[in-house]
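Chemist: Sharing protein.cif here; it has mmCIF, C-alpha atoms.
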data_target
loop_
_atom_site.label_atom_id
_atom_site.label_comp_id
_atom_site.auth_asym_id
_atom_site.auth_seq_id
_atom_site.Cartn_x
_atom_site.Cartn_y
_atom_site.Cartn_z
CA MET M 1 36.21 -8.15 -7.02
CA VAL M 2 33.76 -8.31 -9.89
CA GLU M 3 31.08 -9.84 -7.71
CA SER M 4 31.36 -7.15 -5.06
CA LYS M 5 31.01 -4.51 -7.76
CA ILE M 6 27.82 -6.19 -8.96
CA ILE M 7 26.44 -6.17 -5.42
CA VAL M 8 27.19 -2.47 -5.01
CA ASP M 9 25.52 -1.72 -8.33
CA GLN M 10 22.43 -3.73 -7.36
CA SER M 11 21.83 -1.75 -4.20
CA GLN M 12 19.15 0.86 -4.76
CA THR M 13 20.27 2.97 -1.84
CA GLU M 14 23.54 3.83 -0.17
CA THR M 15 26.63 1.83 -1.00
CA GLY M 16 28.72 0.22 1.71
CA SER M 17 25.68 -1.06 3.59
CA LYS M 18 26.35 -3.82 6.09
CA PRO M 19 24.14 -5.68 8.56
CA SER M 20 26.00 -3.90 11.35
CA ASN M 21 24.77 -0.57 9.96
CA PHE M 22 21.17 -1.54 10.70
CA LEU M 23 21.12 -0.01 14.18
CA SER M 24 22.46 3.28 12.87
CA TRP M 25 19.07 3.84 11.21
CA PHE M 26 17.79 4.68 14.67
CA LYS M 27 20.69 6.87 15.78
CA PRO M 28 18.80 9.95 16.93
CA PHE M 29 21.46 12.68 17.01
CA SER M 30 22.86 15.03 14.39
CA ARG M 31 20.42 14.00 11.72
CA GLY M 32 18.54 16.24 9.31
CA ILE M 33 14.82 16.22 8.65
CA GLY M 34 15.39 14.23 5.46
CA MET M 35 16.81 11.30 7.40
CA TYR M 36 13.72 11.09 9.60
CA ALA M 37 11.52 11.41 6.52
CA TRP M 38 13.37 8.44 4.99
CA LEU M 39 13.19 6.42 8.23
CA PHE M 40 9.43 6.94 8.60
CA GLN M 41 8.98 6.12 4.90
CA ARG M 42 10.50 2.71 5.65
CA ILE M 43 8.55 2.12 8.85
CA THR M 44 5.20 3.13 7.34
CA GLY M 45 6.03 1.06 4.24
CA LEU M 46 6.65 -2.06 6.30
CA CYS M 47 3.50 -1.44 8.36
CA LEU M 48 1.43 -1.02 5.19
CA ILE M 49 2.79 -4.32 3.83
CA LEU M 50 1.68 -5.96 7.09
CA TYR M 51 -1.74 -4.31 6.70
CA VAL M 52 -2.13 -5.57 3.11
CA VAL M 53 -1.39 -9.13 4.27
CA ILE M 54 -4.04 -8.90 7.04
CA HIS M 55 -6.48 -7.22 4.64
CA LEU M 56 -6.12 -10.04 2.08
CA GLY M 57 -6.52 -12.56 4.90
CA ILE M 58 -9.79 -11.03 6.09
CA ILE M 59 -11.15 -10.77 2.53
CA SER M 60 -10.24 -14.41 1.99
CA THR M 61 -12.69 -15.47 4.73
CA MET M 62 -15.38 -14.87 2.08
CA LEU M 63 -14.38 -18.20 0.58
CA LEU M 64 -14.55 -20.20 3.80
CA ASP M 65 -18.30 -20.28 4.52
CA GLU M 66 -19.07 -23.39 2.51
CA PHE M 67 -15.96 -25.09 3.87
CA LEU M 68 -16.89 -24.33 7.50
CA GLY M 69 -20.54 -25.23 7.01
CA PHE M 70 -22.27 -21.84 7.33
CA GLU M 71 -25.59 -21.73 5.53
CA ALA M 72 -25.30 -18.36 3.71
CA PRO M 73 -22.21 -17.17 1.79
CA GLY M 74 -20.42 -14.24 3.41
CA MET M 75 -21.68 -14.92 6.95
CA LEU M 76 -18.20 -15.30 8.41
CA TYR M 77 -16.95 -12.14 6.72
CA ASN M 78 -19.99 -10.11 7.81
CA THR M 79 -19.57 -11.32 11.39
CA ILE M 80 -15.88 -10.39 11.46
CA THR M 81 -16.45 -6.86 10.10
CA ALA M 82 -19.38 -6.30 12.46
CA ALA M 83 -17.29 -7.43 15.45
CA MET M 84 -14.40 -5.19 14.45
CA SER M 85 -16.57 -2.10 14.04
CA SER M 86 -18.64 -2.66 17.20
CA SER M 87 -18.04 0.01 19.85
CA PHE M 88 -16.41 -0.60 23.24
CA VAL M 89 -19.10 1.59 24.87
CA GLU M 90 -22.13 0.34 22.91
CA GLY M 91 -25.44 1.46 24.44
CA GLN M 92 -24.03 3.47 27.35
CA GLY M 93 -25.57 6.75 26.27
CA PHE M 94 -22.54 8.34 24.62
CA PRO M 95 -22.94 10.55 21.53
CA LYS M 96 -22.82 8.61 18.24
CA MET M 97 -19.51 10.13 17.17
CA ILE M 98 -17.66 9.20 20.39
CA GLU M 99 -19.22 5.75 20.37
CA HIS M 100 -17.89 5.17 16.87
CA ALA M 101 -14.46 6.61 17.71
CA LEU M 102 -14.08 4.07 20.52
CA SER M 103 -14.04 0.97 18.35
CA PHE M 104 -11.27 -1.33 17.19
CA ALA M 105 -11.98 -0.54 13.53
CA PHE M 106 -11.62 3.21 14.07
CA PHE M 107 -8.16 2.89 15.66
CA ILE M 108 -6.97 0.70 12.80
CA ASP M 109 -8.57 3.04 10.23
CA ALA M 110 -7.02 6.18 11.70
CA GLY M 111 -3.60 4.53 11.85
CA LEU M 112 -3.95 3.16 8.34
CA LEU M 113 -4.93 6.56 6.96
CA ALA M 114 -2.01 8.23 8.76
CA GLY M 115 0.42 5.68 7.30
CA LEU M 116 -1.05 5.96 3.82
CA VAL M 117 -1.03 9.77 3.84
CA TYR M 118 2.53 9.95 5.14
CA HIS M 119 3.89 7.32 2.73
CA GLY M 120 2.04 8.83 -0.24
CA TYR M 121 2.98 12.46 0.39
CA ASN M 122 6.59 11.63 1.21
CA GLY M 123 6.65 9.55 -1.98
CA VAL M 124 5.56 12.64 -3.90
CA ARG M 125 8.44 14.53 -2.26
CA VAL M 126 10.95 11.83 -3.21
CA VAL M 127 9.78 11.79 -6.84
CA LEU M 128 9.97 15.61 -6.98
CA PHE M 129 13.58 15.50 -5.78
CA ASP M 130 14.41 12.70 -8.24
CA LEU M 131 13.17 14.95 -11.02
CA GLY M 132 15.32 17.76 -9.62
CA ILE M 133 12.40 19.93 -8.48
CA GLY M 134 12.83 21.79 -5.22
CA ILE M 135 16.03 20.16 -4.00
CA ARG M 136 17.37 23.52 -2.82
CA LYS M 137 14.27 24.00 -0.68
CA GLN M 138 14.13 20.47 0.80
CA LYS M 139 12.96 21.45 4.26
CA THR M 140 10.30 23.87 3.06
CA VAL M 141 8.93 21.22 0.69
CA PHE M 142 8.85 18.71 3.55
CA TRP M 143 6.92 20.99 5.88
CA ILE M 144 4.46 22.12 3.16
CA LEU M 145 3.66 18.48 2.35
CA PHE M 146 3.52 17.66 6.08
CA VAL M 147 0.90 20.33 6.70
CA LEU M 148 -1.07 19.18 3.63
CA GLY M 149 -0.85 15.61 4.93
CA VAL M 150 -2.15 16.55 8.38
CA ILE M 151 -5.05 18.43 6.76
CA SER M 152 -5.88 15.42 4.54
CA TRP M 153 -5.72 13.07 7.51
CA ILE M 154 -8.03 15.22 9.62
CA LEU M 155 -10.51 15.49 6.73
CA ALA M 156 -10.48 11.72 6.18
CA VAL M 157 -10.92 10.95 9.88
CA LEU M 158 -13.82 13.43 10.17
CA LEU M 159 -15.39 11.75 7.14
CA ILE M 160 -15.29 8.28 8.69
CA LEU M 161 -16.47 9.63 12.06
CA ASN M 162 -19.50 11.28 10.50
CA MET M 163 -20.44 8.16 8.53
CA PRO M 164 -20.49 5.47 11.21
CA GLU M 165 -21.33 2.65 8.80
CA ILE M 166 -17.94 3.05 7.13
CA VAL M 167 -15.63 0.18 8.01
CA LEU M 168 -12.31 0.73 6.30
CA ALA M 169 -10.29 -1.97 8.01
CA GLY M 170 -13.13 -4.46 7.91
CA GLU M 171 -12.79 -4.90 4.21
CA MET Z 1 19.18 11.23 -33.19
CA LYS Z 2 22.70 9.95 -32.68
CA LEU Z 3 23.60 8.92 -29.16
CA SER Z 4 27.11 8.83 -27.79
CA SER Z 5 28.36 5.57 -26.32
CA SER Z 6 28.13 6.86 -22.73
CA GLN Z 7 24.52 7.92 -23.34
CA GLU Z 8 23.76 4.49 -24.77
CA SER Z 9 25.23 2.70 -21.78
CA LYS Z 10 23.16 4.93 -19.49
CA ILE Z 11 19.94 4.10 -21.34
CA ARG Z 12 20.84 0.41 -21.28
CA GLN Z 13 20.72 0.48 -17.46
CA PHE Z 14 16.97 0.98 -17.66
CA LEU Z 15 16.38 -2.28 -19.54
CA PRO Z 16 15.26 -5.08 -17.21
CA LYS Z 17 17.59 -7.68 -18.73
CA HIS Z 18 20.62 -5.80 -17.43
CA GLN Z 19 20.25 -7.06 -13.89
CA SER Z 20 23.57 -5.76 -12.66
CA SER Z 21 21.87 -2.39 -12.60
CA SER Z 22 18.72 -1.71 -10.62
CA ALA Z 23 17.78 1.45 -12.50
CA PHE Z 24 14.85 -0.38 -14.07
CA TRP Z 25 13.39 -1.40 -10.70
CA TRP Z 26 14.14 2.00 -9.24
CA VAL Z 27 12.11 3.71 -11.99
CA LEU Z 28 9.38 1.06 -11.75
CA GLN Z 29 9.11 1.77 -8.01
CA ARG Z 30 8.30 5.43 -8.82
CA ILE Z 31 5.86 4.61 -11.63
CA SER Z 32 4.03 1.93 -9.63
CA GLY Z 33 4.00 4.28 -6.64
CA PHE Z 34 2.21 6.89 -8.74
CA PHE Z 35 -0.45 4.38 -9.83
CA VAL Z 36 -0.84 3.00 -6.29
CA PHE Z 37 -1.40 6.57 -5.07
CA LEU Z 38 -4.22 7.06 -7.60
CA LEU Z 39 -5.74 3.60 -7.10
CA VAL Z 40 -5.72 3.77 -3.27
CA PHE Z 41 -7.62 7.03 -3.57
CA PHE Z 42 -10.08 5.40 -6.00
CA HIS Z 43 -10.41 2.35 -3.73
CA MET Z 44 -11.20 4.41 -0.63
CA ILE Z 45 -13.58 6.86 -2.33
CA VAL Z 46 -15.57 4.21 -4.21
CA ASN Z 47 -15.72 1.55 -1.50
CA HIS Z 48 -16.26 3.73 1.53
CA TYR Z 49 -17.77 6.99 0.36
CA LEU Z 50 -19.73 6.71 -2.90
CA THR Z 51 -21.45 3.48 -1.84
CA ALA Z 52 -22.34 5.05 1.52
CA LEU Z 53 -24.20 7.85 -0.28
CA MET Z 54 -26.30 5.47 -2.41
CA ASN Z 55 -29.99 4.94 -1.83
CA THR Z 56 -30.36 1.56 -0.13
CA ASP Z 57 -33.97 1.21 -1.30
CA ALA Z 58 -32.82 1.17 -4.92
CA TYR Z 59 -29.88 -1.12 -4.16
CA PRO Z 60 -30.95 -3.86 -1.70
CA GLU Z 61 -27.40 -5.30 -1.84
CA LEU Z 62 -26.21 -2.37 0.28
CA GLN Z 63 -28.80 -2.83 3.03
CA LYS Z 64 -26.47 -4.88 5.22
CA GLY Z 65 -23.85 -2.12 5.19
CA ILE Z 66 -21.29 -0.98 2.67
CA ALA Z 67 -18.62 -3.40 3.93
CA SER Z 68 -20.86 -6.46 3.83
CA PHE Z 69 -20.32 -9.48 1.62
CA GLN Z 70 -23.45 -8.65 -0.41
CA ALA Z 71 -22.12 -5.16 -1.18
CA VAL Z 72 -18.71 -6.53 -2.22
CA GLN Z 73 -20.35 -9.10 -4.48
CA TRP Z 74 -22.54 -6.45 -6.05
CA LYS Z 75 -19.55 -4.18 -6.76
CA MET Z 76 -17.51 -7.06 -8.19
CA GLN Z 77 -20.19 -7.78 -10.78
CA ASN Z 78 -19.21 -4.51 -12.46
CA PRO Z 79 -16.42 -5.45 -14.92
CA ILE Z 80 -14.77 -2.02 -14.66
CA TYR Z 81 -14.52 -2.34 -10.87
CA PHE Z 82 -13.29 -5.93 -11.24
CA TRP Z 83 -10.44 -5.06 -13.61
CA ILE Z 84 -9.44 -1.91 -11.75
CA SER Z 85 -9.12 -3.97 -8.57
CA ILE Z 86 -6.90 -6.49 -10.42
CA LEU Z 87 -4.80 -3.60 -11.72
CA PHE Z 88 -4.59 -2.27 -8.16
CA VAL Z 89 -3.28 -5.60 -6.90
CA ILE Z 90 -0.67 -5.73 -9.70
CA PHE Z 91 0.72 -2.25 -8.99
CA LEU Z 92 0.50 -2.79 -5.24
CA MET Z 93 2.48 -6.03 -5.46
CA ILE Z 94 5.17 -4.43 -7.63
CA HIS Z 95 5.47 -1.52 -5.21
CA ALA Z 96 5.22 -3.44 -1.93
CA LEU Z 97 7.50 -6.36 -2.80
CA ASN Z 98 10.11 -4.19 -4.51
CA GLY Z 99 10.00 -1.84 -1.54
CA PHE Z 100 10.49 -4.78 0.80
CA ARG Z 101 13.42 -5.91 -1.35
CA MET Z 102 14.96 -2.43 -1.15
CA VAL Z 103 14.76 -2.53 2.65
CA LEU Z 104 16.35 -5.97 2.79
CA LEU Z 105 19.11 -4.98 0.34
CA ASP Z 106 20.27 -2.42 2.88
CA VAL Z 107 20.77 -4.97 5.64
CA ALA Z 108 21.64 -8.08 3.64
CA THR Z 109 24.83 -8.72 1.75
CA GLY Z 110 25.71 -11.67 -0.42
CA HIS Z 111 25.06 -12.12 -4.10
CA THR Z 112 23.35 -15.53 -3.75
CA PHE Z 113 20.98 -14.30 -1.05
CA ARG Z 114 19.97 -11.31 -3.16
CA ARG Z 115 19.26 -13.49 -6.18
CA ILE Z 116 17.16 -15.97 -4.17
CA LEU Z 117 15.31 -13.07 -2.54
CA ALA Z 118 14.51 -11.49 -5.90
CA ILE Z 119 13.22 -14.76 -7.36
CA LEU Z 120 11.19 -15.55 -4.22
CA LEU Z 121 9.55 -12.11 -4.11
CA PHE Z 122 8.76 -12.30 -7.84
CA LEU Z 123 7.04 -15.67 -7.33
CA ILE Z 124 5.08 -14.34 -4.33
CA GLY Z 125 3.91 -11.38 -6.43
CA VAL Z 126 2.73 -13.58 -9.30
CA LEU Z 127 0.95 -15.94 -6.88
CA VAL Z 128 -0.86 -13.09 -5.12
CA ILE Z 129 -2.02 -11.60 -8.44
CA VAL Z 130 -3.35 -14.98 -9.62
CA TYR Z 131 -4.98 -15.52 -6.21
CA ALA Z 132 -6.64 -12.09 -6.35
CA PHE Z 133 -8.11 -12.95 -9.75
CA ILE Z 134 -9.44 -16.30 -8.47
CA LEU Z 135 -10.82 -14.64 -5.30
CA ASN Z 136 -12.65 -11.92 -7.26
CA SER Z 137 -14.13 -14.43 -9.71
CA THR Z 138 -15.20 -16.77 -6.90
CA VAL Z 139 -16.87 -13.99 -4.92
CA ILE Z 140 -19.07 -13.23 -7.95
CA SER Z 141 -20.10 -16.86 -8.37
CA LEU Z 142 -20.93 -17.52 -4.68
CA GLY Z 143 -24.53 -17.71 -3.54
#
Since I need it in another form, could you write the structure as structure tokens?
Modeler:
Amino acid sequence: MVESKIIVDQSQTETGSKPSNFLSWFKPFSRGIGMYAWLFQRITGLCLILYVVIHLGIISTMLLDEFLGFEAPGMLYNTITAAMSSSFVEGQGFPKMIEHALSFAFFIDAGLLAGLVYHGYNGVRVVLFDLGIGIRKQKTVFWILFVLGVISWILAVLLILNMPEIVLAGE
Amino acid sequence: MKLSSSQESKIRQFLPKHQSSSAFWWVLQRISGFFVFLLVFFHMIVNHYLTALMNTDAYPELQKGIASFQAVQWKMQNPIYFWISILFVIFLMIHALNGFRMVLLDVATGHTFRRILAILLFLIGVLVIVYAFILNSTVISLG
């Protein structure tokens, strides 16, 4: 009895959670906008954790040159980032912007920025509600932040498209 | 200021040693989230925008591109950048691992499992922070 009470107190979210409730996260009907906001917060959070692991892995290749017998430090890392940011349609006469948009790095970057912007802006919304600001106008707050997020994402993507040497995911 | 006993017990929930309550970690998730928000912005702007605007004639380290090893090494030699990146890793690890724990708490029951999970994630966080420090220091000393 005491132990179960401790477990309920430890949970940072809803009480009464069971493994069998897991699938009900994805139940699509009769849900409000807040539920989808919460679901995407989780999904983007998990994806960003995966990204951080890959990111640390790629950065760690900086240490491997001596071990693998490359002559100059950083050769492996430079090769990996160059390969990731190289275009699929290199040298086929496309405009620079389209050429850059059709690369592995750009897809990862655009996805990463979308995840970051969503997770960050929805985090702002959650903190606002925790402080008791704007709870009565939940849906309005969500859509205002959503529009702001889309604007930020478009600005960021235009920035990396206009500066082709930028390799976000490479680092 | 005199606090009533119910107020005192509420405040006590925010102390980390009272592990039967997660209020401490819940607040820490918000605080670390705020710092991660700021530091991600800093990370992106400095690494991918400010360095791209710099004159490569004055800074030969940037000639191989802003994401190259030489550019990273050059940035790491700045102690402010070095320590901000360590701070970034610390806040990121708090936020990411506690967030991961929150997700797992929703699908996992069992007191023992939760304790092992918490200890394991704490150890992973400490290891990653130490590793980040070693990585940053090694990158400076290479070549």
Chemist: Give as a count of residues only every residue of chain Z that touches chain M within 7 Å, counting only C-alpha atoms.
Modeler: 22
Chemist: What is the distance between atom CA of Z:Phe91 and atom CA of Z:Phe34, in Å to one decimal?
Modeler: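 Those two atoms sit 9.3 Å apart.
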Chemist: Would you mind telling me which residue in Z:Ala52, Z:Leu135, Z:Val103, Z:Ile116 lies nearest to Z:Phe82 when using all atoms listed in the file?
Modeler: Z:Leu135
Chemist: Can you turn the PyMOL selection byres ((chain M and resi 148-158) around 8) into a concrete residue list for this file, as a ChimeraX atom specification?
Modeler: /M:110,113-114,117-118,121,144-147,159-162
Chemist: Residues within 12 Å of Z:Lys75, please, as a count of residues only. Count all atoms listed in the file; anything in the same chain fewer than 4 positions from it doesn't count.
Modeler: 26
Chemist: Could you check how far atom CA of M:Thr44 sits from atom CA of Z:Leu38, in Å to one decimal?
Modeler: 18.1 Å
Chemist: What does the structure give for the distance between atom CA of Z:Ile31 and atom CA of Z:Leu120, in Å to one decimal?
Modeler: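 For atom CA of Z:Ile31 relative to atom CA of Z:Leu120, the distance reads 22.1 Å.
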Chemist: Skip Z:Val130 itself and residues of its chain fewer than 4 positions away, then list as an NGL selection string all residues within 12 Å of it, counting only C-alpha atoms.
Modeler: :Z and (86-87 or 89-90 or 93 or 123-126 or 134-137)
